[in-house]
$ cat start_38.cif   # mmCIF, C-alpha atoms
data_input
#
loop_
_atom_site.label_atom_id
_atom_site.label_comp_id
_atom_site.auth_asym_id
_atom_site.auth_seq_id
_atom_site.Cartn_x
_atom_site.Cartn_y
_atom_site.Cartn_z
CA MET A 1 -10.12 48.48 -36.50
CA LYS A 2 -11.03 45.48 -38.56
CA VAL A 3 -10.09 42.06 -37.31
CA HIS A 4 -9.89 39.14 -39.57
CA VAL A 5 -9.82 35.74 -37.80
CA LYS A 6 -7.61 33.44 -39.79
CA ASN A 7 -7.94 30.39 -37.61
CA TRP A 8 -8.79 29.43 -34.06
CA HIS A 9 -8.34 26.52 -31.68
CA ALA A 10 -11.20 25.34 -29.52
CA ILE A 11 -10.20 23.95 -26.15
CA ALA A 12 -12.53 21.87 -24.04
CA GLN A 13 -12.15 20.26 -20.65
CA TRP A 14 -14.20 17.44 -19.24
CA ARG A 15 -14.60 15.98 -15.79
CA TRP A 16 -16.68 13.20 -14.28
CA ASP A 17 -19.46 14.58 -12.14
CA THR A 18 -18.63 12.80 -8.90
CA GLY A 19 -20.68 15.10 -6.72
CA ALA A 20 -17.50 16.33 -5.04
CA SER A 21 -16.56 19.98 -5.18
CA ASP A 22 -14.87 20.86 -8.44
CA VAL A 23 -11.28 21.05 -7.28
CA ASP A 24 -9.59 19.84 -4.14
CA ASP A 25 -7.60 22.04 -1.80
CA ASP A 26 -4.42 20.92 -3.52
CA GLY A 27 -5.80 21.99 -6.87
CA GLU A 28 -5.93 18.45 -8.22
CA GLY A 29 -8.95 16.34 -8.95
CA ASP A 30 -9.85 13.31 -6.90
CA VAL A 31 -8.13 9.99 -7.47
CA CYS A 32 -9.46 6.44 -7.53
CA GLY A 33 -8.70 4.94 -4.12
CA ILE A 34 -7.60 1.66 -5.66
CA CYS A 35 -5.11 2.65 -8.38
CA ARG A 36 -4.56 6.25 -7.15
CA VAL A 37 -4.88 7.57 -10.69
CA PRO A 38 -7.22 10.58 -11.14
CA TYR A 39 -10.81 9.71 -12.02
CA GLU A 40 -10.30 11.55 -15.30
CA GLY A 41 -7.35 9.31 -16.08
CA CYS A 42 -7.94 5.64 -16.68
CA CYS A 43 -7.40 2.45 -14.74
CA PRO A 44 -4.01 0.73 -15.21
CA SER A 45 -5.37 -1.76 -17.74
CA CYS A 46 -6.83 0.88 -20.06
CA LYS A 47 -5.07 3.21 -22.47
CA MET A 48 -7.72 5.88 -23.04
CA PRO A 49 -9.79 7.69 -20.43
CA GLY A 50 -13.44 8.43 -20.99
CA ASP A 51 -16.44 6.25 -21.69
CA ASP A 52 -14.30 3.13 -22.19
CA CYS A 53 -12.99 3.40 -18.63
CA PRO A 54 -15.96 4.74 -16.69
CA LEU A 55 -16.50 5.32 -13.02
CA ILE A 56 -18.77 3.27 -10.79
CA TRP A 57 -20.77 4.65 -7.89
CA GLY A 58 -21.75 2.67 -4.81
CA GLU A 59 -24.81 3.16 -2.62
CA CYS A 60 -22.27 4.02 0.08
CA SER A 61 -21.32 7.11 -2.00
CA HIS A 62 -17.80 5.89 -2.82
CA VAL A 63 -16.54 6.16 -6.37
CA PHE A 64 -13.87 4.14 -8.22
CA HIS A 65 -12.78 3.34 -11.74
CA MET A 66 -15.23 0.62 -12.72
CA HIS A 67 -12.45 -1.75 -13.80
CA CYS A 68 -10.55 -1.29 -10.53
CA LEU A 69 -13.63 -1.92 -8.41
CA LEU A 70 -14.75 -4.96 -10.43
CA GLN A 71 -11.28 -6.49 -10.15
CA TRP A 72 -11.41 -6.09 -6.37
CA ILE A 73 -14.99 -7.39 -6.04
CA SER A 74 -14.04 -10.48 -8.07
CA THR A 75 -11.46 -11.54 -5.47
CA SER A 76 -12.69 -13.72 -2.61
CA ALA A 77 -10.75 -11.56 -0.16
CA SER A 78 -13.03 -8.62 -0.94
CA LYS A 79 -16.08 -10.38 0.57
CA GLN A 80 -17.96 -8.18 -1.91
CA GLN A 81 -17.35 -5.16 0.29
CA CYS A 82 -16.58 -1.56 -0.57
CA PRO A 83 -12.79 -1.10 -0.14
CA MET A 84 -13.38 2.16 1.68
CA ASP A 85 -15.93 1.34 4.35
CA ARG A 86 -16.36 -2.49 4.14
CA ARG A 87 -20.10 -2.16 3.68
CA PRO A 88 -21.54 -4.65 1.19
CA TRP A 89 -20.95 -3.18 -2.28
CA VAL A 90 -24.19 -2.13 -3.98
CA THR A 91 -23.80 -0.32 -7.26
CA ALA A 92 -25.88 2.83 -7.28
CA GLU A 93 -28.20 3.45 -10.21
CA ARG A 94 -26.64 6.83 -10.79
CA LYS A 95 -24.49 8.98 -8.63
CA VAL A 96 -25.75 9.40 -5.10
CA ASP A 97 -27.01 12.90 -4.40
CA ALA A 98 -24.03 14.80 -3.06
CA ASN A 99 -26.13 16.64 -0.49
CA ALA A 100 -27.80 13.50 0.80
CA ALA A 101 -24.47 11.70 1.14
CA ARG A 102 -22.97 14.34 3.36
CA MET B 103 25.93 15.65 -37.72
CA ILE B 104 23.67 13.95 -35.22
CA LYS B 105 22.01 10.95 -36.69
CA ILE B 106 18.51 11.53 -35.46
CA TRP B 107 16.99 8.57 -37.23
CA SER B 108 19.39 6.06 -35.83
CA MET B 109 18.93 7.58 -32.37
CA LYS B 110 15.20 7.13 -32.68
CA LYS B 111 15.69 3.56 -33.82
CA ASN B 112 17.84 2.84 -30.77
CA GLU B 113 15.20 4.33 -28.54
CA ASP B 114 12.50 2.18 -30.05
CA ALA B 115 14.63 -0.90 -29.58
CA ALA B 116 15.27 0.04 -25.95
CA ALA B 117 11.55 0.52 -25.34
CA LYS B 118 10.91 -2.94 -26.70
CA ARG B 119 13.53 -4.53 -24.48
CA ARG B 120 12.29 -2.76 -21.37
CA PRO B 121 9.52 -4.78 -19.73
CA LYS B 122 6.19 -2.98 -19.58
CA THR B 123 5.64 -1.17 -16.31
CA SER B 124 2.97 -3.11 -14.46
CA ALA B 125 -0.01 -1.64 -12.65
CA ALA B 126 1.54 -2.79 -9.38
CA GLN B 127 4.77 -0.91 -10.13
CA ILE B 128 2.90 2.29 -10.93
CA ARG B 129 0.91 2.03 -7.74
CA VAL B 130 4.00 1.22 -5.63
CA GLN B 131 5.79 4.21 -7.15
CA LYS B 132 2.94 6.44 -5.96
CA ASP B 133 2.93 4.79 -2.52
CA LEU B 134 6.67 5.33 -2.13
CA THR B 135 6.47 9.04 -2.93
CA GLU B 136 3.77 9.40 -0.29
CA LEU B 137 5.70 7.40 2.30
CA GLU B 138 6.17 9.26 5.55
CA LEU B 139 8.96 7.42 7.26
CA SER B 140 9.65 8.33 10.85
CA SER B 141 13.22 8.27 12.15
CA THR B 142 12.55 4.78 13.52
CA MET B 143 11.98 3.23 10.09
CA LYS B 144 14.33 2.79 7.15
CA THR B 145 13.79 1.17 3.80
CA HIS B 146 16.55 -0.41 1.74
CA PHE B 147 16.28 -1.41 -1.91
CA PRO B 148 18.91 -4.09 -2.66
CA ASP B 149 18.13 -3.65 -6.37
CA PRO B 150 17.21 0.01 -6.95
CA THR B 151 15.43 -0.87 -10.20
CA ASP B 152 13.15 -3.31 -8.39
CA LEU B 153 10.62 -1.37 -6.34
CA LEU B 154 8.62 -4.48 -5.51
CA ASN B 155 11.18 -6.06 -3.20
CA PHE B 156 12.83 -4.22 -0.34
CA THR B 157 13.69 -4.48 3.33
CA LEU B 158 12.39 -2.40 6.19
CA THR B 159 14.32 -1.86 9.41
CA ILE B 160 12.37 -0.77 12.47
CA THR B 161 14.32 0.61 15.43
CA PRO B 162 11.71 1.36 18.13
CA ASP B 163 12.62 4.38 20.27
CA GLU B 164 10.21 3.48 23.06
CA GLY B 165 8.49 0.47 24.54
CA MET B 166 9.91 -2.90 25.50
CA TYR B 167 11.58 -3.44 22.12
CA LYS B 168 13.56 -0.19 22.34
CA GLY B 169 17.20 -0.61 21.35
CA GLY B 170 16.59 -3.35 18.82
CA ALA B 171 16.76 -3.24 15.03
CA PHE B 172 14.17 -5.48 13.40
CA VAL B 173 14.57 -6.26 9.73
CA PHE B 174 11.60 -7.24 7.57
CA SER B 175 11.48 -8.28 3.95
CA VAL B 176 8.64 -6.76 1.94
CA ASN B 177 7.63 -8.51 -1.29
CA ILE B 178 4.92 -7.02 -3.45
CA ASN B 179 3.40 -9.18 -6.16
CA THR B 180 1.92 -8.01 -9.43
CA ASN B 181 -1.61 -8.21 -8.06
CA TYR B 182 -0.94 -5.32 -5.69
CA PRO B 183 -3.02 -3.47 -4.51
CA HIS B 184 -5.59 -6.23 -4.81
CA GLU B 185 -3.36 -8.45 -2.69
CA PRO B 186 -1.44 -7.25 0.36
CA PRO B 187 2.38 -7.10 0.36
CA LYS B 188 4.07 -10.18 1.80
CA VAL B 189 6.00 -9.21 4.90
CA LYS B 190 8.38 -11.44 6.85
CA CYS B 191 10.72 -10.82 9.73
CA THR B 192 14.20 -11.92 8.66
CA GLN B 193 15.34 -12.61 12.22
CA THR B 194 14.30 -15.06 14.91
CA ILE B 195 12.62 -12.82 17.47
CA TYR B 196 10.49 -13.24 20.60
CA HIS B 197 7.18 -11.54 19.88
CA PRO B 198 3.59 -12.74 20.38
CA ASN B 199 2.59 -11.70 16.85
CA VAL B 200 5.67 -12.97 14.99
CA ASP B 201 6.44 -16.68 14.85
CA LEU B 202 9.93 -18.17 14.87
CA GLU B 203 9.93 -18.45 11.06
CA GLY B 204 9.28 -14.71 10.81
CA ASN B 205 5.61 -14.82 9.79
CA VAL B 206 3.80 -11.72 10.98
CA CYS B 207 0.25 -11.62 12.32
CA LEU B 208 -1.16 -8.23 11.45
CA ASN B 209 -4.81 -7.92 10.43
CA ILE B 210 -4.23 -5.59 7.48
CA LEU B 211 -1.66 -8.02 6.02
CA ARG B 212 -4.30 -10.75 5.97
CA GLU B 213 -8.07 -10.71 6.32
CA ASP B 214 -8.47 -6.96 6.69
CA TRP B 215 -6.43 -5.93 3.65
CA LYS B 216 -8.20 -3.67 1.17
CA PRO B 217 -6.77 -1.99 -1.91
CA VAL B 218 -7.28 1.55 -0.61
CA LEU B 219 -4.60 0.86 2.01
CA ASN B 220 -1.03 1.68 1.02
CA LEU B 221 2.53 0.94 2.05
CA ASN B 222 2.34 3.63 4.70
CA SER B 223 -0.53 1.77 6.43
CA VAL B 224 1.51 -1.43 6.40
CA LEU B 225 4.67 0.17 7.79
CA VAL B 226 2.78 2.02 10.51
CA GLY B 227 0.98 -1.23 11.40
CA LEU B 228 4.29 -3.07 11.73
CA GLN B 229 5.77 -0.35 13.89
CA TYR B 230 2.70 -0.50 16.12
CA LEU B 231 3.32 -4.21 16.80
CA PHE B 232 6.54 -3.29 18.59
CA LEU B 233 4.90 -0.61 20.71
CA GLU B 234 1.85 -2.70 21.59
CA PRO B 235 2.44 -6.45 21.27
CA ASN B 236 -0.97 -8.06 21.14
CA ALA B 237 -1.61 -11.24 23.15
CA ASP B 238 -5.09 -11.84 21.78
CA ASP B 239 -4.18 -13.04 18.31
CA PRO B 240 -0.83 -14.78 18.77
CA LEU B 241 1.47 -16.57 16.38
CA ASN B 242 3.97 -17.31 19.15
CA LYS B 243 1.67 -18.80 21.80
CA ASP B 244 4.37 -19.06 24.50
CA ALA B 245 5.20 -15.38 24.20
CA ALA B 246 1.53 -14.40 24.22
CA GLU B 247 0.84 -16.54 27.29
CA GLU B 248 3.75 -14.91 29.11
CA LEU B 249 2.61 -11.39 28.14
CA ARG B 250 -0.88 -12.09 29.44
CA LYS B 251 0.12 -13.82 32.70
CA ASN B 252 3.30 -12.10 33.75
CA ARG B 253 4.13 -8.87 31.97
CA GLU B 254 7.34 -8.34 33.96
CA GLN B 255 8.66 -11.79 33.01
CA PHE B 256 7.67 -11.14 29.40
CA ILE B 257 9.69 -7.93 29.35
CA GLN B 258 12.67 -9.85 30.79
CA ASN B 259 12.26 -12.49 28.08
CA VAL B 260 12.18 -9.81 25.40
CA LYS B 261 15.45 -8.38 26.75
CA THR B 262 17.08 -11.82 26.88
CA SER B 263 15.97 -12.64 23.33
CA MET B 264 17.15 -9.30 21.94
CA ARG B 265 20.63 -9.93 23.36
CA GLY B 266 20.74 -13.14 21.36
CA GLY B 267 19.84 -15.39 24.26
CA ASN B 268 18.58 -18.93 24.29
CA MET B 269 15.19 -19.67 25.88
CA ARG B 270 13.38 -23.02 25.98
CA GLY B 271 15.78 -24.38 23.41
CA VAL B 272 15.22 -21.54 20.97
CA GLN B 273 18.24 -19.53 19.87
CA TYR B 274 17.18 -15.93 19.23
CA ASP B 275 19.01 -13.49 16.97
CA LYS B 276 20.91 -10.62 18.52
CA VAL B 277 19.09 -7.50 17.41
CA ILE B 278 20.52 -4.92 19.83
CA VAL B 279 22.12 -1.96 18.06
CA GLN B 280 25.21 -0.02 19.29
#
$ encode --input "start_38.cif" --output "structure tokens"
Amino acid sequence: MKVHVKNWHAIAQWRWDTGASDVDDDGEGDVCGICRVPYEGCCPSCKMPGDDCPLIWGECSHVFHMHCLLQWISTSASKQQCPMDRRPWVTAERKVDANAAR
Amino acid sequence: MIKIWSMKKNEDAAAKRRPKTSAAQIRVQKDLTELELSSTMKTHFPDPTDLLNFTLTITPDEGMYKGGAFVFSVNINTNYPHEPPKVKCTQTIYHPNVDLEGNVCLNILREDWKPVLNLNSVLVGLQYLFLEPNADDPLNKDAAEELRKNREQFIQNVKTSMRGGNMRGVQYDKVIVQ
């Protein structure tokens, strides 16, 4: 049998490498704790996900949309603390090693 | 024949008229779908299209405030979740953590608010105030003093106030149900 491919569609999927296991128990990816939109979506003030609406990692291992976290840190009420654990927010150079954080 | 183009035009016009959904509205929408209301809490939306303003009625089924229905107004501003919801008791009640104007003293509504909290945290926190009134951080100093010094008298005062009684020149609202 001879097959002649007339056309084809490439499909790609991307995901931020947050160090968490690929998919949650509920089959959905993780969400930003501040806006509750998936990491792969974008913060409420952006229109397009991806490099223009990146994630930000803290030394404490917590991850948020960068814009969401910066908005929170800029308020005086935040006392510059991580919204999850109230430790002083220190942006990590790159993502904290998943094994070390656990 | 259906006039598709004119339909589309109408739709576009409607989209323009409709105010843009704010980040706060989107977040509140998510919070509301995740709300786990117990049988002792009820929300009411006076304007169903406005998710940012509603009332919450708490009817404790245990503790010294059992039998009462306490109505709070919840107002969420457009900075939510970066600012906590504004919660006020709409009645004059006798409670160490609620003053006579209805202001509520609950840590997560003030200094301990953080944007990863949601409406569920707030509602559970409010309900907890009626199960465990807290004398350490009072807004109504007389009530707190009474709770600390003479718990039995405090419970009597709560009962009197809930029936709509008058104590020390303060007229309390009747909040007893049935």
$ residues_near_point --input "start_38.cif" --point "(2.3, 4.6, -3.6)" --cutoff "10 Å" --atoms "all atoms listed in the file" --output "PyMOL selection string"
(chain A and resi 35-36) or (chain B and resi 126-137+183+219-222)
$ interface_residues --input "start_38.cif" --of "chain B" --to "chain A" --cutoff "7 Å" --atoms "all atoms listed in the file" --output "list in words"
Ala125, Arg129, Pro183, His184, Lys216, Pro217 and Val218 of chain B
$ resolve_selection --input "start_38.cif" --expression "the PyMOL selection byres ((chain A and resi 50) around 12)" --output "PyMOL selection string"
chain A and resi 13-16+38-43+46-49+51-55+65-66
$ atom_distance --input "start_38.cif" --atom1 "CA of Leu241 in chain B" --atom2 "CA of Val176 in chain B"
18.9 Å
$ atom_distance --input "start_38.cif" --atom1 "CA of Ser74 in chain A" --atom2 "CA of Ile56 in chain A"
14.8 Å
$ atom_distance --input "start_38.cif" --atom1 "CA of Asp30 in chain A" --atom2 "CA of Val63 in chain A"
9.8 Å
$ build_atoms --input "start_38.cif" --residues "range 232-256 of chain B" --atoms "N, CA and C atoms" --output "mmCIF file, in the frame of the given file"
data_model
loop_
_atom_site.group_PDB
_atom_site.id
_atom_site.type_symbol
_atom_site.label_atom_id
_atom_site.label_comp_id
_atom_site.auth_asym_id
_atom_site.auth_seq_id
_atom_site.Cartn_x
_atom_site.Cartn_y
_atom_site.Cartn_z
ATOM 1 N N PHE B 232 5.436 -3.335 17.635
ATOM 2 C CA PHE B 232 6.540 -3.290 18.590
ATOM 3 C C PHE B 232 6.238 -2.382 19.767
ATOM 4 N N LEU B 233 5.283 -1.470 19.596
ATOM 5 C CA LEU B 233 4.900 -0.610 20.710
ATOM 6 C C LEU B 233 3.845 -1.308 21.564
ATOM 7 N N GLU B 234 2.948 -2.024 20.898
ATOM 8 C CA GLU B 234 1.850 -2.700 21.590
ATOM 9 C C GLU B 234 1.743 -4.141 21.123
ATOM 10 N N PRO B 235 2.605 -5.039 21.636
ATOM 11 C CA PRO B 235 2.440 -6.450 21.270
ATOM 12 C C PRO B 235 1.051 -6.890 21.726
ATOM 13 N N ASN B 236 0.424 -7.723 20.906
ATOM 14 C CA ASN B 236 -0.970 -8.060 21.140
ATOM 15 C C ASN B 236 -1.085 -9.546 21.459
ATOM 16 N N ALA B 237 -1.557 -9.849 22.698
ATOM 17 C CA ALA B 237 -1.610 -11.240 23.150
ATOM 18 C C ALA B 237 -2.868 -11.957 22.692
ATOM 19 N N ASP B 238 -3.790 -11.236 22.103
ATOM 20 C CA ASP B 238 -5.090 -11.840 21.780
ATOM 21 C C ASP B 238 -5.060 -12.668 20.503
ATOM 22 N N ASP B 239 -4.168 -12.369 19.606
ATOM 23 C CA ASP B 239 -4.180 -13.040 18.310
ATOM 24 C C ASP B 239 -2.762 -13.507 17.997
ATOM 25 N N PRO B 240 -2.270 -14.489 18.806
ATOM 26 C CA PRO B 240 -0.830 -14.780 18.770
ATOM 27 C C PRO B 240 -0.402 -15.743 17.666
ATOM 28 N N LEU B 241 0.823 -15.577 17.222
ATOM 29 C CA LEU B 241 1.470 -16.570 16.380
ATOM 30 C C LEU B 241 2.492 -17.338 17.215
ATOM 31 N N ASN B 242 3.073 -16.658 18.201
ATOM 32 C CA ASN B 242 3.970 -17.310 19.150
ATOM 33 C C ASN B 242 3.193 -17.438 20.463
ATOM 34 N N LYS B 243 2.603 -18.624 20.674
ATOM 35 C CA LYS B 243 1.670 -18.800 21.800
ATOM 36 C C LYS B 243 2.374 -18.660 23.144
ATOM 37 N N ASP B 244 3.637 -19.168 23.240
ATOM 38 C CA ASP B 244 4.370 -19.060 24.500
ATOM 39 C C ASP B 244 4.554 -17.606 24.894
ATOM 40 N N ALA B 245 4.955 -16.794 23.919
ATOM 41 C CA ALA B 245 5.200 -15.380 24.200
ATOM 42 C C ALA B 245 3.896 -14.687 24.601
ATOM 43 N N ALA B 246 2.807 -15.025 23.913
ATOM 44 C CA ALA B 246 1.530 -14.400 24.220
ATOM 45 C C ALA B 246 1.067 -14.764 25.626
ATOM 46 N N GLU B 247 1.230 -16.052 25.956
ATOM 47 C CA GLU B 247 0.840 -16.540 27.290
ATOM 48 C C GLU B 247 1.598 -15.769 28.373
ATOM 49 N N GLU B 248 2.909 -15.609 28.148
ATOM 50 C CA GLU B 248 3.750 -14.910 29.110
ATOM 51 C C GLU B 248 3.314 -13.452 29.258
ATOM 52 N N LEU B 249 3.025 -12.801 28.126
ATOM 53 C CA LEU B 249 2.610 -11.390 28.140
ATOM 54 C C LEU B 249 1.323 -11.231 28.928
ATOM 55 N N ARG B 250 0.412 -12.190 28.767
ATOM 56 C CA ARG B 250 -0.880 -12.090 29.440
ATOM 57 C C ARG B 250 -0.727 -12.345 30.941
ATOM 58 N N LYS B 251 0.087 -13.370 31.303
ATOM 59 C CA LYS B 251 0.120 -13.820 32.700
ATOM 60 C C LYS B 251 1.111 -13.031 33.539
ATOM 61 N N ASN B 252 2.234 -12.701 32.941
ATOM 62 C CA ASN B 252 3.300 -12.100 33.750
ATOM 63 C C ASN B 252 4.083 -11.108 32.882
ATOM 64 N N ARG B 253 3.572 -9.899 32.846
ATOM 65 C CA ARG B 253 4.130 -8.870 31.970
ATOM 66 C C ARG B 253 5.608 -8.608 32.273
ATOM 67 N N GLU B 254 5.951 -8.611 33.579
ATOM 68 C CA GLU B 254 7.340 -8.340 33.960
ATOM 69 C C GLU B 254 8.277 -9.409 33.388
ATOM 70 N N GLN B 255 7.845 -10.687 33.533
ATOM 71 C CA GLN B 255 8.660 -11.790 33.010
ATOM 72 C C GLN B 255 8.773 -11.683 31.484
ATOM 73 N N PHE B 256 7.660 -11.288 30.859
ATOM 74 C CA PHE B 256 7.670 -11.140 29.400
ATOM 75 C C PHE B 256 8.712 -10.120 28.966
#
